[in-house]
Amino acid sequence: MVQGTVPPVTLACAETSMLNITPQEEHLLQAGLQHHQAGRLPQAEGFYRQILQQQPNHPGALHLLGVLAGQVNRPDVALDLLGKALAVRPDFPEAWFDLGNTQQARGQLAAAIAAFRRAIALRPAYAGAYNNMANALQASGQPEEAIAACQQALALQPDLPEAHNNLGNAFKASGRLPDAMTCYRRALELRSDFSAACYNLGVALHACGELDAASAMFRRAIELQPDLAAAHTNLGSILLYCGQLEAASACLRRALQCQPDLPDGHNNLGNALKDQGQLDAALASYRRALQLRPHFAVAHSNLIFALNCGDDDRAIQEEVRHWQHQQAQPLAALIRPARNDRSLDRVLRIGYVSPDFREHSVAFFMENLLATHERRQVEVFCYADLKSTDATSRRLQQFAHHWRNIARLDDPAVADLVRADGIDILVDLSGHTGGNRLLVFARKPAPIQVTYLGYSNTTGLTAMDYRLTDTYCDPPGTASESPAEQLVRLPDCFACFKPPAAAPEVGPLPALARGAVTFASFHMLAKLNPEVLQRWAEILTQIPDSRLLLVATGLTEPACRGQFEDAFATGGIAPDRLEFRGRQALGDYLDLHNQIDIALDTWPYSGHTIACHALWMGVPVVTLAGPSHRSRMVASVLRNTGVPELIAATPEQYVQTAVQLAGDQPRLERLRASLRPRLEASPIMDAQRFTRHLETAYRTMWRRWCHEAHAGG
């Protein structure tokens with residue numbers, strides 16, 4: 001989401017009543033002003049220069065030429081002319097005002113604030129100067145001072161829409177979103193065509209999760225200012241969130257037509273392309289965003305996550321090292337020595353950081369863990385980055401000793417909160433997925449930091465001490481050893497699954513009624529690489545009456561669906577053997593399992609949560625175990641559930657395993673009846689056992705740190 005505001009507009013060019021000028025100069029000045037206000041800048045410049053030919057130090061002409069130079073993007077000339085005007089007449093408030101505007105446009109915020117203050121000293125009732133000074137104060141990170149300046153402007157001129165808009169910006173920066181929205185709405189009451197206020201209100205509404213209202217505001221801003229790239233970008237991000245991928249892509253491309261160097265536009269377009277399965281194009285968009293804004297940590301994480309959908313492990317490792325150097329290393333100077341009590345056996349303060357304490361795949365593995373933590377061993381803090389709560393988040397909240405909503409806190413504030421809470425072990429549940437707070441971890445607010453669960457690879461962050469895994473996902477001695485974190489292999493499995501309470505009962509084998517086998521994939525489209533699609537086409541070819549159900553965001557849209565129909569057509573599979581469904585609500589998604597016989601996993605990025613849901617619904621999952629953690633997560637699930645025969649070692653064996661399973665209906669029936677009980681009896685759902693193993697790992701980390709801290713003095 002683009003958070004910037006539309007630059008302020010100069011409220012006045014000059015007032016001439018206080019200038020000591022001859023009648024002829026007055027005539028020339030007024031003629032120039034008329035042209036100037038009508039936008040005929042060359043004609044205006046001609047009249048101002050006529051004055052200067054007669055009186056080279058004429059402050060009014062120097063001032064207005066300075067304003068004009070700023071308008072045609074000649075800031076150095078503008079500063080020179082305004083400085084000359086003020087040298088002749090230091091008590092010229094309008095010149096100080098426009099000097100402040102020019103300095104602010106150049107990023108000289110302290111000088112701009114001083115110029116506005118000088119204008120106000122000369123004219124205490126100068127509402128416009130208070131208003132534009134508020135902009136400079138806001139831009140320099142002084143929201144409370146900006147609020148005071150806006151309020152002073154409005155005390156002088158209550159119907160000044162720009163001041164209401166700027167007051168809204170200052171309130172938003174202070175975390176007072178309801179007050180901000182009130183200001184934006186008042187600005188729009190005073191000036192219905194105020195595109196900046198429409199845009200800013202849209203940003204505030206989006207921050208509050210009011211997506212429909214935010215979309216309406218962005219659309220209105222675009223109507224008023226069609227080339228407002230930020231509004232196109234933010235509208236595109238909302239459309240993307242709502243699964244309208246083609247509309248989102250069009251909106252984002254329009255943003256980049258308006259402003260080709262907009263990093264947020266390239267980043268969001270990358271997200272849209274990734275969700276449509278256009279991985280190479282997505283990677284190019286993320287890289288362009290980073291070229292334009294090298295410290296764009298969100299785009300950098302998006303790039304790393306997208307690389308995980310491909311098969312170039314070296315590229316991933318290179319990029320996480322670059323992320324550490326570019327995004328995290330500059331924060332290393334902020335790391336402070338830990339002051340935690342080093343008693344070996346005391347209750348440990350464990351903090352979990354996630355934007356996914358809601359209906360999300362992470363929650364299916366965190367609920368049992370939070371519910372079964374031994375309160376005599378650990379005190380649990382959840383740092384939830386949530387704009388709004390749902391039934392899942394409210395349920396998770398009851399299991400935590402402390403629940404901190406950090407949605408409106410920036411990374412430094414979250415790090416300060418973690419330190420104030422005295423956290424001993426801080427656990428990242430996101431890695432390089434959306435909404436991560438890895439730059440909190442870069443500040444090392446806790447003495448021990450762990451990455452876990454939500455991301456299937458190294459973060460690359462040198463301030464991250466450990467990554468939790470198991471021996472199936474990361475066998476000792478394999479190439480998956482982490483270059484940053486030390487691997488801690490939990491016994492049995494790396495995660496504990498809690499199935500949805502509302503999951504339907506397992507139905508009869510669909511092939512019995514249909515007379516043919518139905519395969520299915522519930523994976524995001526970025527995982528469906530050409531080799532995966534080729535192997536799926538081979539499976540369908542060898543089982544002639546079978547069909548494939550594909551379920552993912554975007555598949556209801558013709559262009560997105562068409563690219564996959566074309567890919568299968570290349571493998572000889574007709575479109576009538578394919579069925580496409582878009583994003584599903586949880587209940588509908590689970591119900592679909594009673595229409596499928598076999599789930600097909602992807603590689604090199606396997607689907608851990610998808611596999612757990614499938615097994616719970618009695619659907620066997622065929623997987624290919626590769627060399628990395630991300631390609632072995634489903635293998636871990638299948639081994640713990642007692643069906644290792646569904647794990648292939650090569651693409652050819654993957655096809656053979658799926659074909660043999662599809663050709664053995666009695667075996668499919670037995671699996672359908674037994675998979676839920678097997679999963680329920682497995683270590684994957686033994687919450688007490690799993691949590692004790694995890695707490696033992698935490699205690700081992702803690703004792704190691706205490707011993708190392710004592711040894712180091």
# chains A, B, ... in the order shown; residues from 1 in each chain; ligands from 1

$ closest_atom_pairs --of "region 114-166 of chain A" --to "region 90-100 of chain A" --cutoff "9 Å" --atoms "only C-alpha atoms" --output "Markdown table"
| residue | atom | partner | partner_atom | distance |
| --- | --- | --- | --- | --- |
| A:Ala114 | CA | A:Gly100 | CA | 7.6 |
| A:Ala115 | CA | A:Gly100 | CA | 5.0 |
| A:Phe116 | CA | A:Phe97 | CA | 5.5 |
| A:Arg117 | CA | A:Trp96 | CA | 8.6 |
| A:Arg118 | CA | A:Trp96 | CA | 6.6 |
| A:Ala119 | CA | A:Pro93 | CA | 4.3 |
| A:Ile120 | CA | A:Pro93 | CA | 7.3 |
| A:Ala121 | CA | A:Pro93 | CA | 8.4 |
| A:Leu122 | CA | A:Pro93 | CA | 5.9 |
| A:Arg123 | CA | A:Pro93 | CA | 6.6 |
| A:Tyr126 | CA | A:Pro93 | CA | 8.7 |
| A:Gly128 | CA | A:Phe97 | CA | 8.4 |
| A:Ala129 | CA | A:Phe97 | CA | 6.1 |
| A:Asn132 | CA | A:Gly100 | CA | 8.3 |
| A:Met133 | CA | A:Gly100 | CA | 8.0 |
| A:Ala136 | CA | A:Gly100 | CA | 8.8 |

$ write_last_selection --atoms "C-alpha atoms" --output "PDB file, in the first residue's frame"
ATOM      1  CA  ALA A 114      12.180  28.070   9.488  1.00  0.00           C
ATOM      2  CA  ALA A 115      10.946  29.970   6.411  1.00  0.00           C
ATOM      3  CA  PHE A 116       7.299  29.276   7.260  1.00  0.00           C
ATOM      4  CA  ARG A 117       7.897  30.403  10.833  1.00  0.00           C
ATOM      5  CA  ARG A 118       9.400  33.641   9.520  1.00  0.00           C
ATOM      6  CA  ALA A 119       6.340  34.215   7.306  1.00  0.00           C
ATOM      7  CA  ILE A 120       4.076  33.661  10.329  1.00  0.00           C
ATOM      8  CA  ALA A 121       6.137  36.021  12.492  1.00  0.00           C
ATOM      9  CA  LEU A 122       5.608  38.717   9.880  1.00  0.00           C
ATOM     10  CA  ARG A 123       1.923  37.884   9.458  1.00  0.00           C
ATOM     11  CA  TYR A 126      -1.158  33.573   7.801  1.00  0.00           C
ATOM     12  CA  GLY A 128      -1.594  29.119   4.500  1.00  0.00           C
ATOM     13  CA  ALA A 129       1.842  29.299   6.094  1.00  0.00           C
ATOM     14  CA  ASN A 132       2.212  24.254   4.620  1.00  0.00           C
ATOM     15  CA  MET A 133       4.452  24.280   7.668  1.00  0.00           C
ATOM     16  CA  ALA A 136       6.989  20.062   6.430  1.00  0.00           C
TER      17      ALA A 136
END

$ residues_around --residues "Arg358 (chain A)" --least-positions-apart "5" --cutoff "9 Å" --atoms "only C-alpha atoms" --output "ChimeraX atom specification"
/A:363,386,389-396

$ atom_distance --atom1 "CA of Ala513 (chain A)" --atom2 "CA of Pro544 (chain A)"
17.0 Å

$ closest_residue --among "A:Pro445, A:Pro604, A:Gly571, A:Gly107" --to "Ala413 (chain A)" --atoms "only C-alpha atoms"
A:Pro445

$ residues_around --residues "Pro412 (chain A)" --least-positions-apart "5" --cutoff "9 Å" --atoms "only C-alpha atoms" --output "list in words"
Leu417, Leu439, Val440 and Arg443 of chain A

$ write_last_selection --atoms "C-alpha atoms" --output "PDB file, in the first residue's frame"
ATOM      1  CA  LEU A 417       7.857  -3.467  23.287  1.00  0.00           C
ATOM      2  CA  LEU A 439      13.259  -6.075  10.606  1.00  0.00           C
ATOM      3  CA  VAL A 440      12.136  -6.328  14.235  1.00  0.00           C
ATOM      4  CA  ARG A 443      17.225  -5.307  15.866  1.00  0.00           C
TER       5      ARG A 443
END

$ residues_around --residues "Tyr472 (chain A)" --least-positions-apart "2" --cutoff "12 Å" --atoms "only C-alpha atoms" --output "ChimeraX atom specification"
/A:469-470,474-478,480,489-495,625-640,644,647

$ select_by_dssp --residues "region 290-534 of chain A" --states "strand (DSSP E or B)" --output "PyMOL selection string"
chain A and resi 348-354+378-384+402-405+425-428+448-451+466-470+486-490+518-521

$ atom_distance --atom1 "CA of Thr556 (chain A)" --atom2 "CA of Gly582 (chain A)"
5.2 Å

$ residues_around --residues "Ala420 (chain A)" --least-positions-apart "5" --cutoff "12 Å" --atoms "only C-alpha atoms" --output "CSV table (one decimal) with C-alpha atoms, in the first residue's frame"
chain,number,residue,atom,x,y,z
A,338,ALA,CA,20.5,-8.5,26.6
A,339,ARG,CA,19.7,-7.8,30.3
A,340,ASN,CA,17.6,-10.9,30.9
A,349,ARG,CA,9.1,-15.7,28.4
A,413,ALA,CA,8.3,0.4,18.5
A,414,VAL,CA,7.7,-3.4,18.3
A,415,ALA,CA,11.3,-4.0,19.2
A,445,PRO,CA,15.2,-7.3,20.9
A,446,ALA,CA,15.4,-10.8,22.5

$ residues_around --residues "His58 (chain A)" --least-positions-apart "6" --cutoff "12 Å" --atoms "only C-alpha atoms" --output "short mmCIF file (atom, residue, chain, number, x, y, z; two decimals) with C-alpha atoms, in the first residue's frame"
data_model
loop_
_atom_site.label_atom_id
_atom_site.label_comp_id
_atom_site.auth_asym_id
_atom_site.auth_seq_id
_atom_site.Cartn_x
_atom_site.Cartn_y
_atom_site.Cartn_z
CA THR A 16 1.05 43.32 -3.98
CA LEU A 19 4.79 46.76 -2.17
CA ASN A 20 6.07 50.29 -2.92
CA ILE A 21 5.86 50.38 -6.71
CA THR A 22 5.19 52.95 -9.44
CA GLU A 25 5.29 48.76 -12.42
CA GLU A 26 1.90 48.07 -10.87
CA LEU A 29 2.95 43.36 -12.30
CA TYR A 48 8.18 40.38 -14.71
CA ARG A 49 11.44 40.81 -16.60
CA GLN A 50 10.26 44.15 -18.00
CA ILE A 51 9.95 45.33 -14.41
CA LEU A 52 13.45 44.08 -13.58
CA LEU A 64 7.05 36.08 -8.70
CA LEU A 65 9.84 35.02 -11.05
CA LEU A 81 15.39 34.67 -7.00
CA LEU A 82 13.48 34.28 -3.74
CA LYS A 84 17.29 38.08 -3.75
CA ALA A 85 13.73 39.25 -3.08
CA LEU A 86 14.19 38.70 0.65
CA ALA A 87 17.60 40.35 0.65
CA VAL A 88 15.90 43.48 -0.69
CA ARG A 89 12.88 43.17 1.53
#

$ select_by_dssp --residues "region 291-324 of chain A" --states "alpha helix (DSSP H)" --output "mmCIF file with N, CA and C atoms, in the first residue's frame"
data_model
loop_
_atom_site.group_PDB
_atom_site.id
_atom_site.type_symbol
_atom_site.label_atom_id
_atom_site.label_comp_id
_atom_site.auth_asym_id
_atom_site.auth_seq_id
_atom_site.Cartn_x
_atom_site.Cartn_y
_atom_site.Cartn_z
ATOM 1 N N GLN A 291 15.350 -2.110 -7.689
ATOM 2 C CA GLN A 291 16.239 -1.170 -8.369
ATOM 3 C C GLN A 291 15.859 0.266 -8.034
ATOM 4 N N LEU A 292 14.559 0.507 -7.981
ATOM 5 C CA LEU A 292 14.075 1.861 -7.726
ATOM 6 C C LEU A 292 14.180 2.245 -6.251
ATOM 7 N N ALA A 297 12.178 -3.414 1.812
ATOM 8 C CA ALA A 297 12.258 -4.742 2.429
ATOM 9 C C ALA A 297 11.073 -5.621 2.059
ATOM 10 N N VAL A 298 9.890 -5.039 1.929
ATOM 11 C CA VAL A 298 8.703 -5.828 1.579
ATOM 12 C C VAL A 298 8.872 -6.461 0.202
ATOM 13 N N ALA A 299 9.286 -5.658 -0.783
ATOM 14 C CA ALA A 299 9.508 -6.200 -2.126
ATOM 15 C C ALA A 299 10.625 -7.238 -2.116
ATOM 16 N N HIS A 300 11.632 -7.017 -1.286
ATOM 17 C CA HIS A 300 12.755 -7.956 -1.227
ATOM 18 C C HIS A 300 12.287 -9.306 -0.681
ATOM 19 N N SER A 301 11.465 -9.280 0.365
ATOM 20 C CA SER A 301 10.913 -10.532 0.880
ATOM 21 C C SER A 301 9.999 -11.198 -0.146
ATOM 22 N N ASN A 302 9.218 -10.403 -0.862
ATOM 23 C CA ASN A 302 8.358 -10.973 -1.903
ATOM 24 C C ASN A 302 9.185 -11.670 -2.982
ATOM 25 N N LEU A 303 10.301 -11.063 -3.348
ATOM 26 C CA LEU A 303 11.192 -11.676 -4.325
ATOM 27 C C LEU A 303 11.713 -13.015 -3.809
ATOM 28 N N ILE A 304 12.145 -13.043 -2.563
ATOM 29 C CA ILE A 304 12.694 -14.276 -1.991
ATOM 30 C C ILE A 304 11.625 -15.357 -1.918
ATOM 31 N N PHE A 305 10.425 -14.987 -1.486
ATOM 32 C CA PHE A 305 9.357 -15.982 -1.414
ATOM 33 C C PHE A 305 9.054 -16.542 -2.801
ATOM 34 N N ALA A 306 8.972 -15.674 -3.805
ATOM 35 C CA ALA A 306 8.677 -16.131 -5.162
ATOM 36 C C ALA A 306 9.777 -17.053 -5.682
ATOM 37 N N LEU A 307 11.028 -16.758 -5.351
ATOM 38 C CA LEU A 307 12.120 -17.639 -5.769
ATOM 39 C C LEU A 307 11.943 -19.049 -5.210
ATOM 40 N N ASP A 313 17.937 -23.208 -6.052
ATOM 41 C CA ASP A 313 18.293 -23.027 -4.637
ATOM 42 C C ASP A 313 19.438 -22.033 -4.468
ATOM 43 N N ARG A 314 20.360 -22.019 -5.419
ATOM 44 C CA ARG A 314 21.482 -21.091 -5.313
ATOM 45 C C ARG A 314 20.996 -19.646 -5.366
ATOM 46 N N ALA A 315 20.015 -19.382 -6.238
ATOM 47 C CA ALA A 315 19.475 -18.024 -6.345
ATOM 48 C C ALA A 315 18.821 -17.601 -5.033
ATOM 49 N N ILE A 316 18.145 -18.535 -4.368
ATOM 50 C CA ILE A 316 17.523 -18.219 -3.080
ATOM 51 C C ILE A 316 18.590 -17.851 -2.056
ATOM 52 N N GLN A 317 19.636 -18.665 -1.973
ATOM 53 C CA GLN A 317 20.680 -18.406 -0.983
ATOM 54 C C GLN A 317 21.388 -17.083 -1.264
ATOM 55 N N GLU A 318 21.631 -16.784 -2.527
ATOM 56 C CA GLU A 318 22.262 -15.510 -2.861
ATOM 57 C C GLU A 318 21.370 -14.337 -2.477
ATOM 58 N N GLU A 319 20.058 -14.493 -2.703
ATOM 59 C CA GLU A 319 19.152 -13.379 -2.431
ATOM 60 C C GLU A 319 18.968 -13.151 -0.938
ATOM 61 N N VAL A 320 18.931 -14.222 -0.138
ATOM 62 C CA VAL A 320 18.791 -13.994 1.307
ATOM 63 C C VAL A 320 20.057 -13.362 1.878
ATOM 64 N N ARG A 321 21.215 -13.703 1.305
ATOM 65 C CA ARG A 321 22.441 -13.026 1.754
ATOM 66 C C ARG A 321 22.386 -11.540 1.383
ATOM 67 N N HIS A 322 21.869 -11.257 0.191
ATOM 68 C CA HIS A 322 21.721 -9.861 -0.221
ATOM 69 C C HIS A 322 20.727 -9.149 0.689
ATOM 70 N N TRP A 323 19.637 -9.846 1.044
ATOM 71 C CA TRP A 323 18.637 -9.254 1.957
ATOM 72 C C TRP A 323 19.291 -8.900 3.296
#

$ residues_around --residues "Val488 (chain A)" --least-positions-apart "3" --cutoff "7 Å" --atoms "only C-alpha atoms" --output "PDB file with C-alpha atoms, in the first residue's frame"
ATOM      1  CA  TYR A 466      17.721 -21.060  15.183  1.00  0.00           C
ATOM      2  CA  ARG A 467      15.298 -22.601  12.695  1.00  0.00           C
ATOM      3  CA  LEU A 468      12.962 -25.358  13.890  1.00  0.00           C
ATOM      4  CA  THR A 469      12.569 -28.401  11.656  1.00  0.00           C
TER       5      THR A 469
END

$ atom_distance --atom1 "CA of Arg376 (chain A)" --atom2 "CA of Arg699 (chain A)"
12.6 Å

$ closest_residue --among "A:Gly607, A:Glu359, A:Ile573, A:Ala281" --to "Leu533 (chain A)" --atoms "only C-alpha atoms"
A:Ile573

$ closest_residue --among "A:Arg220, A:His402, A:Arg40, A:Arg672" --to "Ser192 (chain A)" --atoms "only C-alpha atoms"
A:Arg220

$ closest_residue --among "A:Ala442, A:Ala526, A:Ala552, A:Cys208" --to "Arg408 (chain A)" --atoms "only C-alpha atoms"
A:Cys208

$ closest_residue --among "A:Thr553, A:Ser606, A:Thr451, A:Asn368" --to "Pro500 (chain A)" --atoms "only C-alpha atoms"
A:Asn368

$ closest_residue --among "A:Gly422, A:Gly431, A:Pro620, A:Pro683" --to "Lys498 (chain A)" --atoms "only C-alpha atoms"
A:Pro683
